[in-house]
Amino acid sequence: MKTIFKLLFITVILVSCEVERFPYDSIASEELLSGEGGIEAATLGNYAILKGDADGNGFAPQFHRIAEYPGDNVALSGTTTDALFYSYNYNNLATSGRVNNFWTSGYQAIVGCNKMIELTTEGESEETDQLIGENYYLRAYTYFQLVNVFGRPYNQGRDNLGVPLKLTSLIDDLPDRASVGEIYDQVVSDLLKAESLMTVKKSNSYATKEAAQALLSRVYLYMEENQEAIDYSNKVIDSGRYSLLSTDELPNYTRINPDDNSETIFCFKFLEESDYNHGYYTVGSLYANILGSGWGEMYASNDFLDLLRKNPTDKRLEFIDPQYSTDANGNLIPAVYWVNDNYQYVFRQTFEQGNETYFTDNGNDYLVSSEENGPQTLYYFTTIAGDKQYVIKDFDMVKRNGYPKFFILKCSLQDDVPQLWSPVVSRLAEMYLNRAEAYAKLNQAGNALNDINTIRTRAGITTYNDASEFPEGMTILDIVLQERRMELAYEGHRKFDVFRNGRTMNRRYPGTHLNGNNPYYEIQPSEDRVIEYIPEAQINVQPSLIQND
């Protein structure tokens, strides 16, 4: 099986290079499907297109960048000519090679799925029906992510432009952009079909009935069909096939081989021997340098770190790896740091005098005081003006361009290989969070809180008994979305969770997204650049495609 997968992967990449500007070429053929194992081999080819390659190309790696970099959990430490910078700072490019690669690989996979659906017959065997269902699932997944990237959030209007809805393998079938509503309807239809066809139990590296149900729970949530989101979350939770990792296991979630991970419902499995190269072009390479592999230039944002630090026992803090500096003797250097009014980090080394901690700034010594705030100890000093300036009391850090290196480990270290990682599409924790959000929107606060407490208990932090214990001014929906942010960080959710809920993306924290004359400090859900431009290369080939504003 592994040999077939590798051969199909090589074939797919060769095809991809030939149709970079125009993705509607068919991959599967009648001849391929007529041979022994042909249906399975062609289906594996569709997985391979979506999975991507060791050079960081392909649907899943590009989707991660497009979805995560515009969020508020990341902070880039420099500028770059790579097109990723313009998704990160909301100065999107119609000529982005990364966005174009996302589009072309997506439609290559869609056409491959279409061909499979056209050339196979349902009802011949349980195994064949399973493979047909997998192609319906892959098509639905691809359209769902495409419409979220290029079309406005569903609740902003079904009639907004989405993406072309191509349901054939014909090269000269060139549909124009369908509406967001039409794409969502097709996604739901395909997933329901996939759910009905898939009955074979497979590992989480393949689409299954439960994978279709899990994605349906998210799709219905995005559509604000909240009872359906609850029902489909229940189907997955009640299936008994998956279990949350323990509190102690949680920091190792992405280290565990996907086949051995009880929480993963579906992922695109990457292999060291075929999908890694030297690791420098994988997704995790920008987040961390591990044992000499990776660029390590995009870090956890101060805003995200502040959220996690509210609960010092939170196991999710272990997904962040601060890079501490040392003195000439190899010792850590005690320090405090804070973010000033210009959104710049300020570090000051500290010294002990008696039982008290001080630092010196501009010739003045300042006492570092503390106060308790629930489970968190807050540190501060009093400014010359008499105001409290809160600080983090820790150690000095290695910096790049003045930005401390808070490495992100959530996309690295599978099987202890520095930059190996299998992109997760669905996992059990999301089902609890989908259900919690839907309950919150149906004013079933108690049920929502039960699900949130399940996630908080597993994370090793205190739970809420009732709304009286929420931070001041926060509703049950605020609590759900905050927990969703912490749990699903760096998994491709945050940007969509903010804008589909009509929230503002707040980026008032250090990072090079604030460089330039007109940086985006906040992004409203109604702004044009909430969505990407249609790639100019696609409009050149098909001029009838309407560009986003």
# chains A, B, ... in the order shown; residues from 1 in each chain; ligands from 1
>>> select_by_dssp(residues="stretch 446-548 of chain A", states="helix (DSSP H, G or I)", output="number ranges by chain")
A: 446-459, 467-469, 476-487, 494-500, 512-514, 528-530, 536-541
>>> closest_atom_pairs(of="stretch 427-512 of chain A", to="stretch 281-291 of chain A", cutoff="12 Å", atoms="only C-alpha atoms", output="JSON lines")
{"residue": "A:Tyr490", "atom": "CA", "partner": "A:Gly284", "partner_atom": "CA", "distance": 10.0}
{"residue": "A:Glu491", "atom": "CA", "partner": "A:Val283", "partner_atom": "CA", "distance": 11.2}
{"residue": "A:Gly492", "atom": "CA", "partner": "A:Val283", "partner_atom": "CA", "distance": 11.8}
>>> residues_around(residues="A:Glu318", least_positions_apart="4", cutoff="10 Å", atoms="only C-alpha atoms", output="PyMOL selection string")
chain A and resi 250-252+313-314+322+408-410
>>> atom_distance(atom1="atom CA of A:Tyr521", atom2="atom CA of A:Val74")
13.8 Å
>>> residues_around(residues="A:Gly162", least_positions_apart="4", cutoff="8 Å", atoms="only C-alpha atoms", output="count of residues only")
10
>>> residues_around(residues="A:Phe63", least_positions_apart="3", cutoff="9 Å", atoms="only C-alpha atoms", output="ChimeraX atom specification")
/A:58-60,66-68,99,102,145-146,149,492
>>> closest_residue(among="A:Asn342, A:Thr326, A:Thr463, A:Thr377", to="A:Pro312", atoms="only C-alpha atoms")
A:Thr377
>>> closest_residue(among="A:Asn518, A:Thr168, A:Ser77, A:Asn101", to="A:Pro61", atoms="only C-alpha atoms")
A:Asn101
>>> closest_residue(among="A:Leu317, A:Ala335, A:Leu245, A:Val398", to="A:Thr457", atoms="only C-alpha atoms")
A:Leu245
>>> residues_around(residues="stretch 529-540 of chain A", least_positions_apart="4", cutoff="10 Å", atoms="only C-alpha atoms", output="number ranges by chain")
A: 20-23, 66, 70, 87, 89-104, 147-153, 163, 495-496, 499, 505, 523-525, 544-549
>>> write_last_selection(atoms="N, CA and C atoms", output="compact mmCIF listing (two decimals), in the first residue's frame")
# COMPACT_ATOMS: atom_id res chain seq x y z
N GLU A 20 -0.17 24.03 -13.47
CA GLU A 20 -0.12 24.98 -12.37
C GLU A 20 -1.11 26.13 -12.55
N ARG A 21 -1.29 26.55 -13.80
CA ARG A 21 -2.17 27.70 -14.03
C ARG A 21 -3.60 27.28 -14.32
N PHE A 22 -3.82 25.99 -14.61
CA PHE A 22 -5.17 25.58 -15.01
C PHE A 22 -5.45 24.19 -14.46
N PRO A 23 -6.25 24.08 -13.43
CA PRO A 23 -6.32 22.84 -12.68
C PRO A 23 -7.32 21.81 -13.18
N ILE A 66 -2.67 30.12 4.87
CA ILE A 66 -3.71 31.09 4.53
C ILE A 66 -4.68 31.27 5.70
N PRO A 70 -3.21 35.04 9.07
CA PRO A 70 -3.97 36.28 9.32
C PRO A 70 -4.64 36.33 10.69
N SER A 87 -0.52 37.66 3.18
CA SER A 87 -1.68 37.11 3.88
C SER A 87 -1.61 37.46 5.35
N ASN A 89 -0.23 40.15 6.80
CA ASN A 89 -0.49 41.55 7.16
C ASN A 89 -1.72 42.15 6.47
N TYR A 90 -2.53 41.31 5.83
CA TYR A 90 -3.78 41.72 5.20
C TYR A 90 -3.57 42.65 4.00
N ASN A 91 -2.39 42.66 3.43
CA ASN A 91 -2.16 43.35 2.16
C ASN A 91 -2.09 42.31 1.05
N ASN A 92 -3.15 41.52 0.96
CA ASN A 92 -3.18 40.34 0.10
C ASN A 92 -2.83 40.64 -1.34
N LEU A 93 -2.25 39.65 -2.02
CA LEU A 93 -1.84 39.78 -3.41
C LEU A 93 -2.70 38.90 -4.31
N ALA A 94 -3.12 39.46 -5.44
CA ALA A 94 -3.80 38.63 -6.45
C ALA A 94 -2.81 37.73 -7.16
N THR A 95 -1.53 38.02 -7.02
CA THR A 95 -0.49 37.24 -7.70
C THR A 95 0.24 36.29 -6.76
N SER A 96 -0.32 36.02 -5.59
CA SER A 96 0.32 35.14 -4.63
C SER A 96 0.47 33.72 -5.19
N GLY A 97 1.70 33.26 -5.29
CA GLY A 97 1.92 31.90 -5.74
C GLY A 97 1.39 30.87 -4.77
N ARG A 98 1.41 31.18 -3.49
CA ARG A 98 0.90 30.24 -2.49
C ARG A 98 -0.62 30.10 -2.60
N VAL A 99 -1.31 31.20 -2.77
CA VAL A 99 -2.76 31.13 -2.91
C VAL A 99 -3.13 30.43 -4.22
N ASN A 100 -2.37 30.70 -5.27
CA ASN A 100 -2.65 30.03 -6.54
C ASN A 100 -2.41 28.52 -6.43
N ASN A 101 -1.36 28.13 -5.70
CA ASN A 101 -1.10 26.71 -5.49
C ASN A 101 -2.22 26.05 -4.70
N PHE A 102 -2.76 26.77 -3.73
CA PHE A 102 -3.91 26.28 -2.96
C PHE A 102 -5.10 26.04 -3.88
N TRP A 103 -5.38 27.01 -4.75
CA TRP A 103 -6.51 26.90 -5.69
C TRP A 103 -6.29 25.73 -6.65
N THR A 104 -5.14 25.68 -7.30
CA THR A 104 -4.93 24.66 -8.33
C THR A 104 -4.91 23.25 -7.74
N VAL A 147 -14.26 27.68 -0.24
CA VAL A 147 -15.28 28.73 -0.11
C VAL A 147 -15.02 29.58 1.12
N ASN A 148 -14.41 29.02 2.16
CA ASN A 148 -14.10 29.82 3.34
C ASN A 148 -12.95 30.80 3.08
N VAL A 149 -12.04 30.42 2.18
CA VAL A 149 -10.91 31.29 1.86
C VAL A 149 -11.30 32.37 0.86
N PHE A 150 -12.09 32.02 -0.15
CA PHE A 150 -12.39 32.96 -1.24
C PHE A 150 -13.80 33.56 -1.18
N GLY A 151 -14.64 33.05 -0.30
CA GLY A 151 -16.00 33.58 -0.17
C GLY A 151 -16.23 34.13 1.22
N ARG A 152 -17.13 35.05 1.35
CA ARG A 152 -17.40 35.66 2.65
C ARG A 152 -18.08 34.67 3.57
N PRO A 153 -18.00 34.89 4.90
CA PRO A 153 -18.65 33.97 5.84
C PRO A 153 -20.11 33.74 5.48
N VAL A 163 -16.93 30.04 -5.02
CA VAL A 163 -15.93 29.55 -5.95
C VAL A 163 -16.65 28.75 -7.04
N LYS A 495 -9.02 32.24 12.25
CA LYS A 495 -9.50 33.31 11.38
C LYS A 495 -11.00 33.16 11.10
N PHE A 496 -11.42 31.95 10.80
CA PHE A 496 -12.82 31.73 10.45
C PHE A 496 -13.71 31.85 11.67
N PHE A 499 -14.33 35.75 12.28
CA PHE A 499 -15.14 36.50 11.33
C PHE A 499 -16.54 35.93 11.15
N MET A 505 -10.94 41.06 14.60
CA MET A 505 -9.61 40.49 14.79
C MET A 505 -8.71 41.59 15.36
N ILE A 523 -9.19 44.22 12.39
CA ILE A 523 -9.84 43.88 11.13
C ILE A 523 -11.29 43.52 11.43
N GLN A 524 -12.18 44.29 10.85
CA GLN A 524 -13.60 44.05 11.04
C GLN A 524 -14.08 42.92 10.12
N PRO A 525 -15.12 42.18 10.52
CA PRO A 525 -15.59 41.07 9.69
C PRO A 525 -16.17 41.49 8.35
N SER A 544 -13.90 35.10 -17.27
CA SER A 544 -15.25 35.31 -16.74
C SER A 544 -15.30 35.22 -15.21
N LEU A 545 -14.24 34.76 -14.59
CA LEU A 545 -14.21 34.71 -13.13
C LEU A 545 -14.18 36.13 -12.57
N ILE A 546 -15.08 36.44 -11.65
CA ILE A 546 -15.17 37.77 -11.06
C ILE A 546 -14.21 37.87 -9.88
N GLN A 547 -13.40 38.90 -9.88
CA GLN A 547 -12.43 39.10 -8.80
C GLN A 547 -13.12 39.62 -7.55
N ASN A 548 -12.61 39.24 -6.39
CA ASN A 548 -13.09 39.82 -5.13
C ASN A 548 -12.66 41.28 -5.05
N ASP A 549 -13.48 42.07 -4.35
CA ASP A 549 -13.17 43.50 -4.20
C ASP A 549 -11.86 43.68 -3.44
>>> closest_residue(among="A:Leu197, A:Met474, A:Leu332, A:Ala214", to="A:Thr121", atoms="only C-alpha atoms")
A:Leu197
>>> select_by_dssp(residues="stretch 238-277 of chain A", states="strand (DSSP E)", output="PyMOL selection string")
chain A and resi 264-267
>>> write_last_selection(atoms="N, CA, C and O atoms", output="PDB file, in the first residue's frame")
ATOM      1  N   THR A 264      -7.540  11.757  17.243  1.00  0.00           N
ATOM      2  CA  THR A 264      -7.623  12.214  15.855  1.00  0.00           C
ATOM      3  C   THR A 264      -8.693  11.436  15.107  1.00  0.00           C
ATOM      4  O   THR A 264      -8.697  10.202  15.098  1.00  0.00           O
ATOM      5  N   ILE A 265      -9.573  12.167  14.442  1.00  0.00           N
ATOM      6  CA  ILE A 265     -10.627  11.569  13.625  1.00  0.00           C
ATOM      7  C   ILE A 265     -10.163  11.423  12.182  1.00  0.00           C
ATOM      8  O   ILE A 265     -10.337  10.368  11.563  1.00  0.00           O
ATOM      9  N   PHE A 266      -9.550  12.476  11.649  1.00  0.00           N
ATOM     10  CA  PHE A 266      -8.986  12.403  10.296  1.00  0.00           C
ATOM     11  C   PHE A 266      -7.838  13.393  10.180  1.00  0.00           C
ATOM     12  O   PHE A 266      -7.921  14.527  10.662  1.00  0.00           O
ATOM     13  N   CYS A 267      -6.763  12.943   9.536  1.00  0.00           N
ATOM     14  CA  CYS A 267      -5.636  13.813   9.245  1.00  0.00           C
ATOM     15  C   CYS A 267      -5.007  13.365   7.931  1.00  0.00           C
ATOM     16  O   CYS A 267      -5.277  12.261   7.436  1.00  0.00           O
TER      17      CYS A 267
END
>>> closest_residue(among="A:Ser196, A:Gln62, A:Tyr184, A:Ala300", to="A:Glu126", atoms="only C-alpha atoms")
A:Ser196
>>> closest_residue(among="A:Arg316, A:Arg427, A:His278, A:Lys166", to="A:Glu210", atoms="only C-alpha atoms")
A:Arg427
>>> residues_around(residues="A:Tyr324", least_positions_apart="2", cutoff="12 Å", atoms="only C-alpha atoms", output="list in words")
Asp321, Pro322, Thr326, Asp327, Gly330, Asn331, Leu332, Ile333, Pro334, Ala335, Asp394, Phe395, Asp396, Met397, Val398, Lys399, Pro404, Lys405, Phe406 and Phe407 of chain A
>>> atom_distance(atom1="atom CA of A:Val498", atom2="atom CA of A:Trp295")
28.2 Å
>>> closest_atom_pairs(of="stretch 210-254 of chain A", to="stretch 500-503 of chain A", cutoff="10 Å", atoms="only C-alpha atoms", output="JSON lines")
{"residue": "A:Leu221", "atom": "CA", "partner": "A:Arg500", "partner_atom": "CA", "distance": 9.8}
{"residue": "A:Tyr222", "atom": "CA", "partner": "A:Arg500", "partner_atom": "CA", "distance": 6.9}
{"residue": "A:Met223", "atom": "CA", "partner": "A:Arg500", "partner_atom": "CA", "distance": 9.1}
{"residue": "A:Glu224", "atom": "CA", "partner": "A:Arg500", "partner_atom": "CA", "distance": 9.5}
>>> write_last_selection(atoms="N, CA, C and O atoms", output="short mmCIF file (atom, residue, chain, number, x, y, z; two decimals), in the first residue's frame")
data_model
loop_
_atom_site.label_atom_id
_atom_site.label_comp_id
_atom_site.auth_asym_id
_atom_site.auth_seq_id
_atom_site.Cartn_x
_atom_site.Cartn_y
_atom_site.Cartn_z
N LEU A 221 -22.28 24.18 11.96
CA LEU A 221 -21.98 25.26 12.89
C LEU A 221 -21.73 26.56 12.14
O LEU A 221 -22.23 27.62 12.51
N TYR A 222 -20.95 26.48 11.06
CA TYR A 222 -20.68 27.67 10.25
C TYR A 222 -21.96 28.22 9.62
O TYR A 222 -22.10 29.43 9.41
N MET A 223 -22.90 27.32 9.31
CA MET A 223 -24.17 27.73 8.70
C MET A 223 -25.17 28.22 9.74
O MET A 223 -26.26 28.66 9.40
N GLU A 224 -24.81 28.10 11.03
CA GLU A 224 -25.67 28.44 12.16
C GLU A 224 -26.91 27.55 12.21
O GLU A 224 -27.95 27.95 12.73
#
>>> atom_distance(atom1="atom CA of A:Ala212", atom2="atom CA of A:Leu191")
5.6 Å
>>> decode(residues="stretch 353-396 of chain A", atoms="C-alpha atoms", output="PDB file, in the first residue's frame")
ATOM      1  CA  GLN A 353      18.154  42.733  47.081  1.00  0.00           C
ATOM      2  CA  GLY A 354      17.166  41.017  50.279  1.00  0.00           C
ATOM      3  CA  ASN A 355      13.963  39.168  49.503  1.00  0.00           C
ATOM      4  CA  GLU A 356      12.895  41.632  46.836  1.00  0.00           C
ATOM      5  CA  THR A 357      13.367  41.824  43.070  1.00  0.00           C
ATOM      6  CA  TYR A 358      14.438  44.988  41.264  1.00  0.00           C
ATOM      7  CA  PHE A 359      15.452  46.132  37.803  1.00  0.00           C
ATOM      8  CA  THR A 360      17.148  49.288  36.584  1.00  0.00           C
ATOM      9  CA  ASP A 361      15.808  51.493  33.795  1.00  0.00           C
ATOM     10  CA  ASN A 362      17.269  54.874  32.786  1.00  0.00           C
ATOM     11  CA  GLY A 363      19.259  55.035  36.009  1.00  0.00           C
ATOM     12  CA  ASN A 364      16.247  54.357  38.237  1.00  0.00           C
ATOM     13  CA  ASP A 365      15.711  51.193  40.282  1.00  0.00           C
ATOM     14  CA  TYR A 366      12.206  49.745  40.260  1.00  0.00           C
ATOM     15  CA  LEU A 367      10.730  47.237  42.704  1.00  0.00           C
ATOM     16  CA  VAL A 368       8.856  44.306  41.161  1.00  0.00           C
ATOM     17  CA  SER A 369       5.721  43.714  43.226  1.00  0.00           C
ATOM     18  CA  SER A 370       3.072  41.009  42.967  1.00  0.00           C
ATOM     19  CA  GLU A 371      -0.620  40.437  43.506  1.00  0.00           C
ATOM     20  CA  GLU A 372      -2.884  37.419  43.161  1.00  0.00           C
ATOM     21  CA  ASN A 373      -5.514  37.217  40.444  1.00  0.00           C
ATOM     22  CA  GLY A 374      -7.288  33.870  40.716  1.00  0.00           C
ATOM     23  CA  PRO A 375      -4.840  31.109  39.758  1.00  0.00           C
ATOM     24  CA  GLN A 376      -2.397  33.647  38.301  1.00  0.00           C
ATOM     25  CA  THR A 377       0.235  35.692  40.109  1.00  0.00           C
ATOM     26  CA  LEU A 378       0.567  39.119  38.490  1.00  0.00           C
ATOM     27  CA  TYR A 379       3.799  41.114  38.665  1.00  0.00           C
ATOM     28  CA  TYR A 380       4.099  44.861  38.238  1.00  0.00           C
ATOM     29  CA  PHE A 381       6.168  47.918  38.995  1.00  0.00           C
ATOM     30  CA  THR A 382       5.036  51.451  39.710  1.00  0.00           C
ATOM     31  CA  THR A 383       6.065  53.995  37.091  1.00  0.00           C
ATOM     32  CA  ILE A 384       7.357  57.453  37.865  1.00  0.00           C
ATOM     33  CA  ALA A 385       3.886  58.724  37.041  1.00  0.00           C
ATOM     34  CA  GLY A 386       2.449  56.437  39.731  1.00  0.00           C
ATOM     35  CA  ASP A 387       0.792  53.927  37.388  1.00  0.00           C
ATOM     36  CA  LYS A 388       1.035  50.145  37.578  1.00  0.00           C
ATOM     37  CA  GLN A 389       2.915  48.563  34.682  1.00  0.00           C
ATOM     38  CA  TYR A 390       2.272  44.842  34.634  1.00  0.00           C
ATOM     39  CA  VAL A 391       5.190  42.646  33.577  1.00  0.00           C
ATOM     40  CA  ILE A 392       6.088  39.012  33.027  1.00  0.00           C
ATOM     41  CA  LYS A 393       8.661  37.801  35.529  1.00  0.00           C
ATOM     42  CA  ASP A 394      10.766  35.167  33.827  1.00  0.00           C
ATOM     43  CA  PHE A 395      14.161  35.070  32.094  1.00  0.00           C
ATOM     44  CA  ASP A 396      15.830  36.945  29.274  1.00  0.00           C
TER      45      ASP A 396
END
